[in-house]
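K.L.:
Below you will find the structure I want to go over with you.
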Amino acid sequence: MTDQHHHPDPPAPGSTPAPELFTREFATDPYPAYAWLREHAPVHRTRLPSGVEAWLVTRYADAKQALADQRLSKNPAHHDEPAHAKGKTGIPGERKAELMTHLLNIDPPDHTRLRRLVSKAFTPRRVAEFAPRVQELTDDLIGRFARDGSADLIHDFAFPLPIYAICDLLGVPREDQDDFRDWAGMMIRHGGGPRGGVARSVKRMRGYLLELIHRKRATLPAAPGPAEDLISGLIRASDHGEHLTENEAAAMAFILLFAGFETTVNLIGNGTYALLTHPEQRTRLQQSLARGERALLETGVEELLRYDGPVELATWRFATQPLTIGGQDIATGDPVLVVLAAADRDPERFADPDTLDLARRDNQHLGYGHGIHYCLGAPLARLEGQTALATLLTRLPDLRLAVDPAELRWRGGLIMRGLRTLPVEFTPAQET
């Protein structure tokens with residue numbers, strides 16, 4: 001069996017040849033391949049590296065339709081999967097660890113009920129109250145390497161920041177947060193590697209979360225405090241007749257960690273990298289920040305999400321009945337993967353889509369998804385992205401790449417897009 005399946009259909013004579021998908025070159029810069037697919041095969045069936053066959057949806061209008069289409073279920077039970085594909089969709093380890101009943105894998109009405117429970121923690125008001133803590137974490141992490149003159153911004157900054165933030169939000173005690181950092185590190189490092197290590201980390205995390213839920217339930221005060229942590233809020237809701245099982249509570253905490261962590265690592269990493277390789281845009285942003293303005297930072301983070309966002313493909317969807325997307329018939333049980341990275345550079349929707357323009361106004365990008373699964377943590381991600389980038393550029397104004405961009409490696413893996421490392425140099429900060 002050759003790897004013929006990685007190629008789209010042979011092109012007509014005289015047209016450009018179809019690009020190869022899922023190679024190392026593709027991982028480094030998938031955008032030319034996505035441009036080819038948008039034009040020649042906008043809804044394209046391909047065999048993924050795991051052996052699973054799925055439809056890739058690459059045009060903006062089709063992507064938006066598919067993301068909101070109720071006939072595309074998030075529940076893997078609807079996958080008409082052949083034996084060789086068993087367990088190859090979703091997050092490694094979640095099936096064994098009974099963590100499947102979370103928001104990314106369920107449909108209404110369960111999705112509606114569970115989402116309502118947690119959405120209170122992510123209101124713009126609650127997130128605004130959390131802003132000083134995010135700033136404090138950001139300053140502390142930068143302070144640890146500011147005098148060194150060099151750092152790996154993924155390992156030293158983009159990775160720990162969202163972990164500590166989400167741990168604080170969930171109510172994981174400070175003394176346990178480094179364990180969480182280790183488990184999360186296993187999950188992210190083995191994104192494209194052996195599933196055993198990830199599954200073990202997922203299992204440890206689940207055990208810890210169940211134990212933490214027990215501990216908090218035993219000491220829960222009668223009335224909620226002003227900024228009650230999320231796990232306490234989930235317990236309170238389940239004790240007040242919302243019927244959140246302990247498994248659901250653990251799965252909820254897990255998915256908030258999982259969905260809110262690697263995405264933010266990549267938002268900060270990809271975003272910083274884009275700024276370092278677009279000096280004129282970066283200078284505009286630094287000048288705007290120096291004047292005490294926020295507007296360019298706010299539109300800038302949205303543009304970085306559109307231009308090279310942290311989620312390349314939306315999570316798995318499965319057709320519950322025959323349907324048509326972009327003129328292509330899709331059979332019941334077929335997996336559908338919406339390529340957010342391709343849709344967000346569709347010239348039919350965005351002027352000059354391959355140009356990074358931090359001031360871009362009309363920017364309805366799909367980086368946070370669309371429809372009922374629209375990212376619940378979007379306000380928190382925006383806050384973390386804005387705080388991280390503004391503080392980095394202000395405190396380390398001459399930040400620069402320490403290696404040739406060609407030497408950087410992107411993490412293999414289907415859903416997420418992110419750098420393995422981001423080595424930088426800068427003038428060491430003086431002792432204050």
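The chains in the structure tokens are called A, B, ... from first to last as shown; in each chain the residues are counted from 1, and the ligands are counted from 1 in the order shown.
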Name the residues in contact with stretch 51-68 of chain A at a cut-off of 7 Å, using only C-alpha atoms, excluding same-chain residues fewer than 4 positions from it; report them as a count of residues only.
P.N.:
26
K.L.:
Going by DSSP on the backbone, which bits of stretch 13-156 of chain A are helix (DSSP H, G or I)? Write them as a PyMOL selection string, please.
P.N.:
chain A and resi 24-28+31-40+60-68+76-78+83-85+103-105+110-122+124-145+153-156
K.L.:
Within stretch 137-378 of chain A, find each residue whose DSSP state, derived from the backbone, is strand (DSSP E or B), and express the selection as a PDB file with N, CA, C and O atoms, in the first residue's frame.
P.N.:
```
ATOM      1  N   SER A 150      18.273  35.454  27.161  1.00  0.00           N
ATOM      2  CA  SER A 150      17.732  34.494  26.187  1.00  0.00           C
ATOM      3  C   SER A 150      16.709  33.611  26.900  1.00  0.00           C
ATOM      4  O   SER A 150      16.720  33.513  28.126  1.00  0.00           O
ATOM      5  N   ALA A 151      15.840  32.983  26.104  1.00  0.00           N
ATOM      6  CA  ALA A 151      14.816  32.092  26.676  1.00  0.00           C
ATOM      7  C   ALA A 151      14.225  31.250  25.555  1.00  0.00           C
ATOM      8  O   ALA A 151      14.394  31.575  24.368  1.00  0.00           O
ATOM      9  N   ASP A 152      13.551  30.167  25.945  1.00  0.00           N
ATOM     10  CA  ASP A 152      12.678  29.461  25.003  1.00  0.00           C
ATOM     11  C   ASP A 152      11.266  29.874  25.390  1.00  0.00           C
ATOM     12  O   ASP A 152      10.748  29.453  26.420  1.00  0.00           O
ATOM     13  N   VAL A 311      -5.520  26.558  16.494  1.00  0.00           N
ATOM     14  CA  VAL A 311      -6.275  25.347  16.154  1.00  0.00           C
ATOM     15  C   VAL A 311      -6.367  25.270  14.637  1.00  0.00           C
ATOM     16  O   VAL A 311      -7.009  26.100  14.003  1.00  0.00           O
ATOM     17  N   ARG A 317     -16.108  15.891  13.760  1.00  0.00           N
ATOM     18  CA  ARG A 317     -17.566  15.858  13.642  1.00  0.00           C
ATOM     19  C   ARG A 317     -17.930  14.636  12.802  1.00  0.00           C
ATOM     20  O   ARG A 317     -17.145  14.225  11.954  1.00  0.00           O
ATOM     21  N   PHE A 318     -19.143  14.105  13.038  1.00  0.00           N
ATOM     22  CA  PHE A 318     -19.563  12.883  12.339  1.00  0.00           C
ATOM     23  C   PHE A 318     -20.979  13.092  11.793  1.00  0.00           C
ATOM     24  O   PHE A 318     -21.866  13.548  12.519  1.00  0.00           O
ATOM     25  N   ALA A 319     -21.172  12.739  10.515  1.00  0.00           N
ATOM     26  CA  ALA A 319     -22.482  12.947   9.883  1.00  0.00           C
ATOM     27  C   ALA A 319     -23.498  11.961  10.462  1.00  0.00           C
ATOM     28  O   ALA A 319     -23.256  10.760  10.478  1.00  0.00           O
ATOM     29  N   LEU A 323     -25.640  14.326   3.975  1.00  0.00           N
ATOM     30  CA  LEU A 323     -25.764  15.770   3.782  1.00  0.00           C
ATOM     31  C   LEU A 323     -24.803  16.229   2.695  1.00  0.00           C
ATOM     32  O   LEU A 323     -23.943  15.462   2.256  1.00  0.00           O
ATOM     33  N   THR A 324     -24.962  17.485   2.276  1.00  0.00           N
ATOM     34  CA  THR A 324     -24.121  18.043   1.221  1.00  0.00           C
ATOM     35  C   THR A 324     -23.421  19.284   1.751  1.00  0.00           C
ATOM     36  O   THR A 324     -24.065  20.149   2.336  1.00  0.00           O
ATOM     37  N   ILE A 325     -22.109  19.333   1.591  1.00  0.00           N
ATOM     38  CA  ILE A 325     -21.346  20.534   1.953  1.00  0.00           C
ATOM     39  C   ILE A 325     -20.555  20.942   0.717  1.00  0.00           C
ATOM     40  O   ILE A 325     -19.845  20.123   0.127  1.00  0.00           O
ATOM     41  N   GLN A 328     -20.627  18.723  -2.222  1.00  0.00           N
ATOM     42  CA  GLN A 328     -20.091  17.361  -2.072  1.00  0.00           C
ATOM     43  C   GLN A 328     -21.027  16.542  -1.171  1.00  0.00           C
ATOM     44  O   GLN A 328     -21.365  16.978  -0.082  1.00  0.00           O
ATOM     45  N   ASP A 329     -21.432  15.357  -1.638  1.00  0.00           N
ATOM     46  CA  ASP A 329     -22.294  14.498  -0.814  1.00  0.00           C
ATOM     47  C   ASP A 329     -21.470  13.766   0.236  1.00  0.00           C
ATOM     48  O   ASP A 329     -20.423  13.197  -0.075  1.00  0.00           O
ATOM     49  N   ILE A 330     -21.971  13.781   1.469  1.00  0.00           N
ATOM     50  CA  ILE A 330     -21.279  13.124   2.582  1.00  0.00           C
ATOM     51  C   ILE A 330     -22.212  12.090   3.184  1.00  0.00           C
ATOM     52  O   ILE A 330     -23.390  12.375   3.419  1.00  0.00           O
ATOM     53  N   PRO A 335     -16.537  10.973   9.012  1.00  0.00           N
ATOM     54  CA  PRO A 335     -15.946  12.068   9.778  1.00  0.00           C
ATOM     55  C   PRO A 335     -15.716  13.296   8.893  1.00  0.00           C
ATOM     56  O   PRO A 335     -15.343  13.167   7.724  1.00  0.00           O
ATOM     57  N   VAL A 336     -15.969  14.471   9.485  1.00  0.00           N
ATOM     58  CA  VAL A 336     -15.778  15.740   8.783  1.00  0.00           C
ATOM     59  C   VAL A 336     -14.856  16.613   9.628  1.00  0.00           C
ATOM     60  O   VAL A 336     -15.120  16.826  10.814  1.00  0.00           O
ATOM     61  N   LEU A 337     -13.782  17.085   9.035  1.00  0.00           N
ATOM     62  CA  LEU A 337     -12.846  17.974   9.732  1.00  0.00           C
ATOM     63  C   LEU A 337     -12.863  19.336   9.053  1.00  0.00           C
ATOM     64  O   LEU A 337     -12.541  19.448   7.865  1.00  0.00           O
ATOM     65  N   VAL A 338     -13.277  20.350   9.795  1.00  0.00           N
ATOM     66  CA  VAL A 338     -13.316  21.708   9.267  1.00  0.00           C
ATOM     67  C   VAL A 338     -11.934  22.325   9.461  1.00  0.00           C
ATOM     68  O   VAL A 338     -11.444  22.400  10.592  1.00  0.00           O
TER      69      VAL A 338
END
```
K.L.:
Can you build me a table of stretch 272-325 of chain A residues sitting at most 10 Å from stretch 396-406 of chain A, with the closest atom pair per residue and its distance in Å to one decimal, using only C-alpha atoms, sorted by chain and residue number, as a tab-separated table?
P.N.:
```
residue	atom	partner	partner_atom	distance
A:Thr272	CA	A:Leu399	CA	9.7
A:Tyr273	CA	A:Leu401	CA	8.1
A:Leu275	CA	A:Arg400	CA	9.7
A:Leu276	CA	A:Arg400	CA	6.3
A:Thr277	CA	A:Leu401	CA	8.4
A:Pro279	CA	A:Arg400	CA	9.7
A:Thr283	CA	A:Pro397	CA	9.5
A:Gln286	CA	A:Pro397	CA	7.8
```
K.L.:
May I have the residues from that selection written out with N, CA, C and O atoms, as a tab-separated table (two decimals), in the first residue's frame?
P.N.:
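Saved result, out_1.tsv, follows:
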```tsv
chain	number	residue	atom	x	y	z
A	272	THR	N	3.60	35.41	18.91
A	272	THR	CA	4.91	36.05	19.11
A	272	THR	C	5.78	35.82	17.86
A	272	THR	O	6.45	36.73	17.37
A	273	TYR	N	5.76	34.59	17.36
A	273	TYR	CA	6.56	34.26	16.17
A	273	TYR	C	6.14	35.14	14.98
A	273	TYR	O	6.99	35.67	14.26
A	275	LEU	N	4.81	38.08	15.05
A	275	LEU	CA	5.26	39.46	15.28
A	275	LEU	C	6.77	39.59	15.03
A	275	LEU	O	7.23	40.57	14.45
A	276	LEU	N	7.53	38.57	15.47
A	276	LEU	CA	8.98	38.64	15.29
A	276	LEU	C	9.39	38.55	13.83
A	276	LEU	O	10.47	38.99	13.44
A	277	THR	N	8.53	37.94	13.02
A	277	THR	CA	8.87	37.80	11.59
A	277	THR	C	8.15	38.85	10.73
A	277	THR	O	8.24	38.81	9.51
A	279	PRO	N	8.42	42.62	11.25
A	279	PRO	CA	8.93	43.70	12.10
A	279	PRO	C	8.13	45.00	12.03
A	279	PRO	O	7.98	45.68	13.03
A	283	THR	N	6.56	46.77	15.26
A	283	THR	CA	6.91	48.13	15.66
A	283	THR	C	5.65	48.98	15.86
A	283	THR	O	5.54	49.73	16.83
A	286	GLN	N	4.25	48.04	19.19
A	286	GLN	CA	5.04	48.56	20.31
A	286	GLN	C	4.82	50.06	20.49
A	286	GLN	O	4.69	50.54	21.62
```
K.L.:
Could you give me, as JSON, numbers by chain, the residues within 12 Å of A:Arg284, counting only C-alpha atoms and dropping anything in the same chain fewer than 6 positions from it?
P.N.:
{"A": [275, 278, 290, 291, 293, 295, 296, 297, 300, 357, 358, 359, 393]}
K.L.:
Contacts between stretch 301-305 of chain A and stretch 353-423 of chain A, please, where a residue of stretch 353-423 of chain A counts if it comes within 10 Å (with only C-alpha atoms); show its shortest atom pair and distance in Å to one decimal, rows by chain and ascending number, as a Markdown table.
P.N.:
```
| residue | atom | partner | partner_atom | distance |
| --- | --- | --- | --- | --- |
| A:Thr355 | CA | A:Glu303 | CA | 9.9 |
| A:Leu356 | CA | A:Glu303 | CA | 7.0 |
| A:Asp357 | CA | A:Glu303 | CA | 6.7 |
| A:Leu358 | CA | A:Glu303 | CA | 5.7 |
| A:Ala359 | CA | A:Glu303 | CA | 7.8 |
| A:Arg360 | CA | A:Glu303 | CA | 6.7 |
| A:Arg361 | CA | A:Glu303 | CA | 8.9 |
| A:Asp362 | CA | A:Glu303 | CA | 9.9 |
| A:Asn363 | CA | A:Glu303 | CA | 7.2 |
| A:Gln364 | CA | A:Glu302 | CA | 8.9 |
| A:His365 | CA | A:Leu305 | CA | 7.6 |
| A:Leu366 | CA | A:Leu305 | CA | 8.6 |
| A:Gly367 | CA | A:Leu305 | CA | 5.8 |
| A:Tyr368 | CA | A:Leu305 | CA | 8.5 |
| A:Ala381 | CA | A:Val301 | CA | 9.8 |
| A:Arg382 | CA | A:Val301 | CA | 7.2 |
| A:Leu383 | CA | A:Val301 | CA | 9.6 |
| A:Gly385 | CA | A:Val301 | CA | 6.7 |
| A:Gln386 | CA | A:Val301 | CA | 6.4 |
| A:Leu389 | CA | A:Val301 | CA | 8.6 |
```
K.L.:
Those residues with N, CA and C atoms, as a compact mmCIF listing (two decimals), in the first residue's frame please?
P.N.:
```txt
# COMPACT_ATOMS: atom_id res chain seq x y z
N THR A 355 -1.71 38.36 4.20
CA THR A 355 -1.02 39.52 4.78
C THR A 355 -1.43 39.66 6.24
N LEU A 356 -0.44 39.84 7.11
CA LEU A 356 -0.71 40.09 8.53
C LEU A 356 -0.97 41.59 8.70
N ASP A 357 -2.18 41.94 9.11
CA ASP A 357 -2.55 43.34 9.30
C ASP A 357 -3.21 43.48 10.67
N LEU A 358 -2.40 43.93 11.65
CA LEU A 358 -2.89 43.97 13.03
C LEU A 358 -4.09 44.90 13.20
N ALA A 359 -4.27 45.83 12.25
CA ALA A 359 -5.39 46.77 12.37
C ALA A 359 -6.62 46.29 11.62
N ARG A 360 -6.60 45.06 11.10
CA ARG A 360 -7.73 44.53 10.31
C ARG A 360 -9.02 44.64 11.11
N ARG A 361 -10.02 45.27 10.51
CA ARG A 361 -11.28 45.51 11.23
C ARG A 361 -12.31 44.40 10.99
N ASP A 362 -12.58 44.14 9.73
CA ASP A 362 -13.65 43.19 9.41
C ASP A 362 -13.07 41.78 9.52
N ASN A 363 -13.04 41.26 10.73
CA ASN A 363 -12.28 40.03 10.96
C ASN A 363 -13.11 38.98 11.69
N GLN A 364 -14.10 38.45 11.00
CA GLN A 364 -14.94 37.40 11.60
C GLN A 364 -14.25 36.05 11.42
N HIS A 365 -13.06 35.92 12.00
CA HIS A 365 -12.30 34.68 11.83
C HIS A 365 -12.99 33.53 12.59
N LEU A 366 -12.61 32.31 12.23
CA LEU A 366 -13.23 31.12 12.85
C LEU A 366 -12.30 30.49 13.88
N GLY A 367 -11.31 31.26 14.34
CA GLY A 367 -10.33 30.71 15.28
C GLY A 367 -10.94 30.15 16.56
N TYR A 368 -12.08 30.71 16.95
CA TYR A 368 -12.78 30.19 18.15
C TYR A 368 -13.95 29.28 17.77
N ALA A 381 -9.05 33.51 26.76
CA ALA A 381 -7.95 33.39 25.79
C ALA A 381 -7.52 34.77 25.30
N ARG A 382 -8.52 35.62 25.01
CA ARG A 382 -8.20 36.99 24.57
C ARG A 382 -7.39 37.71 25.63
N LEU A 383 -7.84 37.60 26.88
CA LEU A 383 -7.14 38.27 27.99
C LEU A 383 -5.71 37.77 28.10
N GLY A 385 -3.85 36.21 25.81
CA GLY A 385 -3.07 36.58 24.62
C GLY A 385 -2.66 38.04 24.65
N GLN A 386 -3.61 38.92 24.97
CA GLN A 386 -3.31 40.35 25.00
C GLN A 386 -2.28 40.67 26.09
N LEU A 389 1.35 39.14 25.17
CA LEU A 389 2.07 39.81 24.08
C LEU A 389 2.43 41.24 24.46
```
K.L.:
Considering only C-alpha atoms, can you say which of A:Gly171, A:Gly369, A:Gly377, A:Pro49 comes closest to A:Leu313?
P.N.:
A:Gly369
K.L.:
Give me the stretch 257-324 of chain A side of the contact with stretch 103-112 of chain A, cut-off 9 Å, one line per residue showing its nearest atom pair and distance in Å at one decimal, counting only C-alpha atoms, sorted by chain and residue number, as JSON lines.
P.N.:
```
{"residue": "A:Ala259", "atom": "CA", "partner": "A:Leu104", "partner_atom": "CA", "distance": 8.8}
{"residue": "A:Thr315", "atom": "CA", "partner": "A:Leu104", "partner_atom": "CA", "distance": 7.5}
{"residue": "A:Trp316", "atom": "CA", "partner": "A:Asn105", "partner_atom": "CA", "distance": 8.5}
{"residue": "A:Arg317", "atom": "CA", "partner": "A:Asn105", "partner_atom": "CA", "distance": 8.9}
```
K.L.:
Excluding stretch 211-221 of chain A and any residue of its chain fewer than 6 positions from it, enumerate the residues within 12 Å of it, using only C-alpha atoms, and give them as number ranges by chain.
P.N.:
A: 167, 170-173, 176, 204-205, 228-239, 244-253
K.L.:
May I have the residues from that selection written out with N, CA, C and O atoms, as a compact mmCIF listing (two decimals), in the first residue's frame?
P.N.:
```
# COMPACT_ATOMS: atom_id res chain seq x y z
N CYS A 167 -5.42 26.52 36.33
CA CYS A 167 -5.40 25.89 37.66
C CYS A 167 -6.02 26.84 38.70
O CYS A 167 -6.82 26.41 39.54
N LEU A 170 -9.79 26.89 38.11
CA LEU A 170 -10.45 25.66 38.54
C LEU A 170 -10.45 25.53 40.06
O LEU A 170 -11.33 24.89 40.63
N GLY A 171 -9.42 26.11 40.71
CA GLY A 171 -9.31 25.95 42.16
C GLY A 171 -8.33 24.86 42.55
O GLY A 171 -8.46 24.25 43.61
N VAL A 172 -7.34 24.58 41.69
CA VAL A 172 -6.28 23.63 42.04
C VAL A 172 -5.31 24.36 42.97
O VAL A 172 -4.81 25.42 42.61
N PRO A 173 -5.07 23.83 44.19
CA PRO A 173 -4.19 24.53 45.13
C PRO A 173 -2.80 24.76 44.53
O PRO A 173 -2.31 23.94 43.75
N ASP A 176 -0.17 22.07 44.26
CA ASP A 176 -0.39 20.95 43.32
C ASP A 176 -0.19 21.37 41.87
O ASP A 176 -0.25 20.54 40.97
N ARG A 204 -3.87 10.05 35.50
CA ARG A 204 -3.43 10.68 36.75
C ARG A 204 -4.23 11.95 37.01
O ARG A 204 -4.62 12.25 38.13
N MET A 205 -4.43 12.70 35.95
CA MET A 205 -5.16 13.96 36.10
C MET A 205 -6.59 13.69 36.53
O MET A 205 -7.13 14.37 37.39
N GLU A 228 -15.74 32.54 43.45
CA GLU A 228 -15.61 31.12 43.78
C GLU A 228 -14.94 30.38 42.62
O GLU A 228 -15.21 30.67 41.45
N ASP A 229 -14.07 29.42 42.96
CA ASP A 229 -13.41 28.69 41.88
C ASP A 229 -14.41 27.79 41.15
O ASP A 229 -15.49 27.50 41.63
N LEU A 230 -13.99 27.39 39.96
CA LEU A 230 -14.89 26.69 39.05
C LEU A 230 -15.32 25.32 39.57
O LEU A 230 -16.48 24.94 39.44
N ILE A 231 -14.39 24.57 40.16
CA ILE A 231 -14.76 23.24 40.64
C ILE A 231 -15.80 23.36 41.77
O ILE A 231 -16.79 22.62 41.79
N SER A 232 -15.60 24.32 42.68
CA SER A 232 -16.59 24.52 43.74
C SER A 232 -17.95 24.89 43.15
O SER A 232 -18.99 24.42 43.59
N GLY A 233 -17.91 25.72 42.11
CA GLY A 233 -19.16 26.10 41.44
C GLY A 233 -19.85 24.91 40.80
O GLY A 233 -21.08 24.79 40.86
N LEU A 234 -19.07 24.01 40.21
CA LEU A 234 -19.65 22.80 39.60
C LEU A 234 -20.28 21.91 40.66
O LEU A 234 -21.35 21.33 40.47
N ILE A 235 -19.57 21.78 41.80
CA ILE A 235 -20.10 20.95 42.90
C ILE A 235 -21.41 21.56 43.40
O ILE A 235 -22.42 20.87 43.59
N ARG A 236 -21.40 22.87 43.59
CA ARG A 236 -22.59 23.55 44.09
C ARG A 236 -23.76 23.33 43.15
O ARG A 236 -24.87 23.02 43.56
N ALA A 237 -23.50 23.46 41.85
CA ALA A 237 -24.56 23.26 40.86
C ALA A 237 -25.09 21.84 40.90
O ALA A 237 -26.30 21.60 40.88
N SER A 238 -24.17 20.85 41.02
CA SER A 238 -24.63 19.46 40.99
C SER A 238 -25.38 19.12 42.27
O SER A 238 -26.28 18.29 42.27
N ASP A 239 -25.04 19.78 43.38
CA ASP A 239 -25.77 19.54 44.63
C ASP A 239 -27.12 20.24 44.64
O ASP A 239 -27.96 19.98 45.49
N LEU A 244 -25.08 16.95 38.03
CA LEU A 244 -23.79 16.80 37.39
C LEU A 244 -23.12 15.64 38.10
O LEU A 244 -22.82 15.72 39.28
N THR A 245 -22.92 14.54 37.39
CA THR A 245 -22.29 13.39 38.06
C THR A 245 -20.83 13.73 38.34
O THR A 245 -20.25 14.63 37.72
N GLU A 246 -20.24 12.96 39.24
CA GLU A 246 -18.84 13.22 39.55
C GLU A 246 -17.98 13.02 38.30
O GLU A 246 -17.01 13.75 38.07
N ASN A 247 -18.34 12.02 37.50
CA ASN A 247 -17.61 11.81 36.24
C ASN A 247 -17.72 13.02 35.33
O ASN A 247 -16.76 13.43 34.69
N GLU A 248 -18.94 13.58 35.27
CA GLU A 248 -19.12 14.75 34.41
C GLU A 248 -18.32 15.93 34.94
O GLU A 248 -17.74 16.69 34.18
N ALA A 249 -18.27 16.08 36.26
CA ALA A 249 -17.51 17.19 36.85
C ALA A 249 -16.02 17.03 36.55
O ALA A 249 -15.34 17.99 36.17
N ALA A 250 -15.51 15.80 36.69
CA ALA A 250 -14.09 15.55 36.41
C ALA A 250 -13.81 15.76 34.91
O ALA A 250 -12.80 16.36 34.53
N ALA A 251 -14.73 15.28 34.06
CA ALA A 251 -14.55 15.43 32.61
C ALA A 251 -14.60 16.91 32.23
O ALA A 251 -13.85 17.37 31.35
N MET A 252 -15.46 17.67 32.92
CA MET A 252 -15.58 19.09 32.64
C MET A 252 -14.29 19.82 33.00
O MET A 252 -13.76 20.62 32.22
N ALA A 253 -13.77 19.54 34.19
CA ALA A 253 -12.52 20.17 34.62
C ALA A 253 -11.41 19.80 33.64
O ALA A 253 -10.59 20.63 33.25
```
K.L.:
Enter the distance from atom CA of A:Thr332 to atom CA of A:Ser50, in Å, rounded to one decimal.
P.N.:
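Atom CA of A:Thr332 sits 20.7 Å away from atom CA of A:Ser50.
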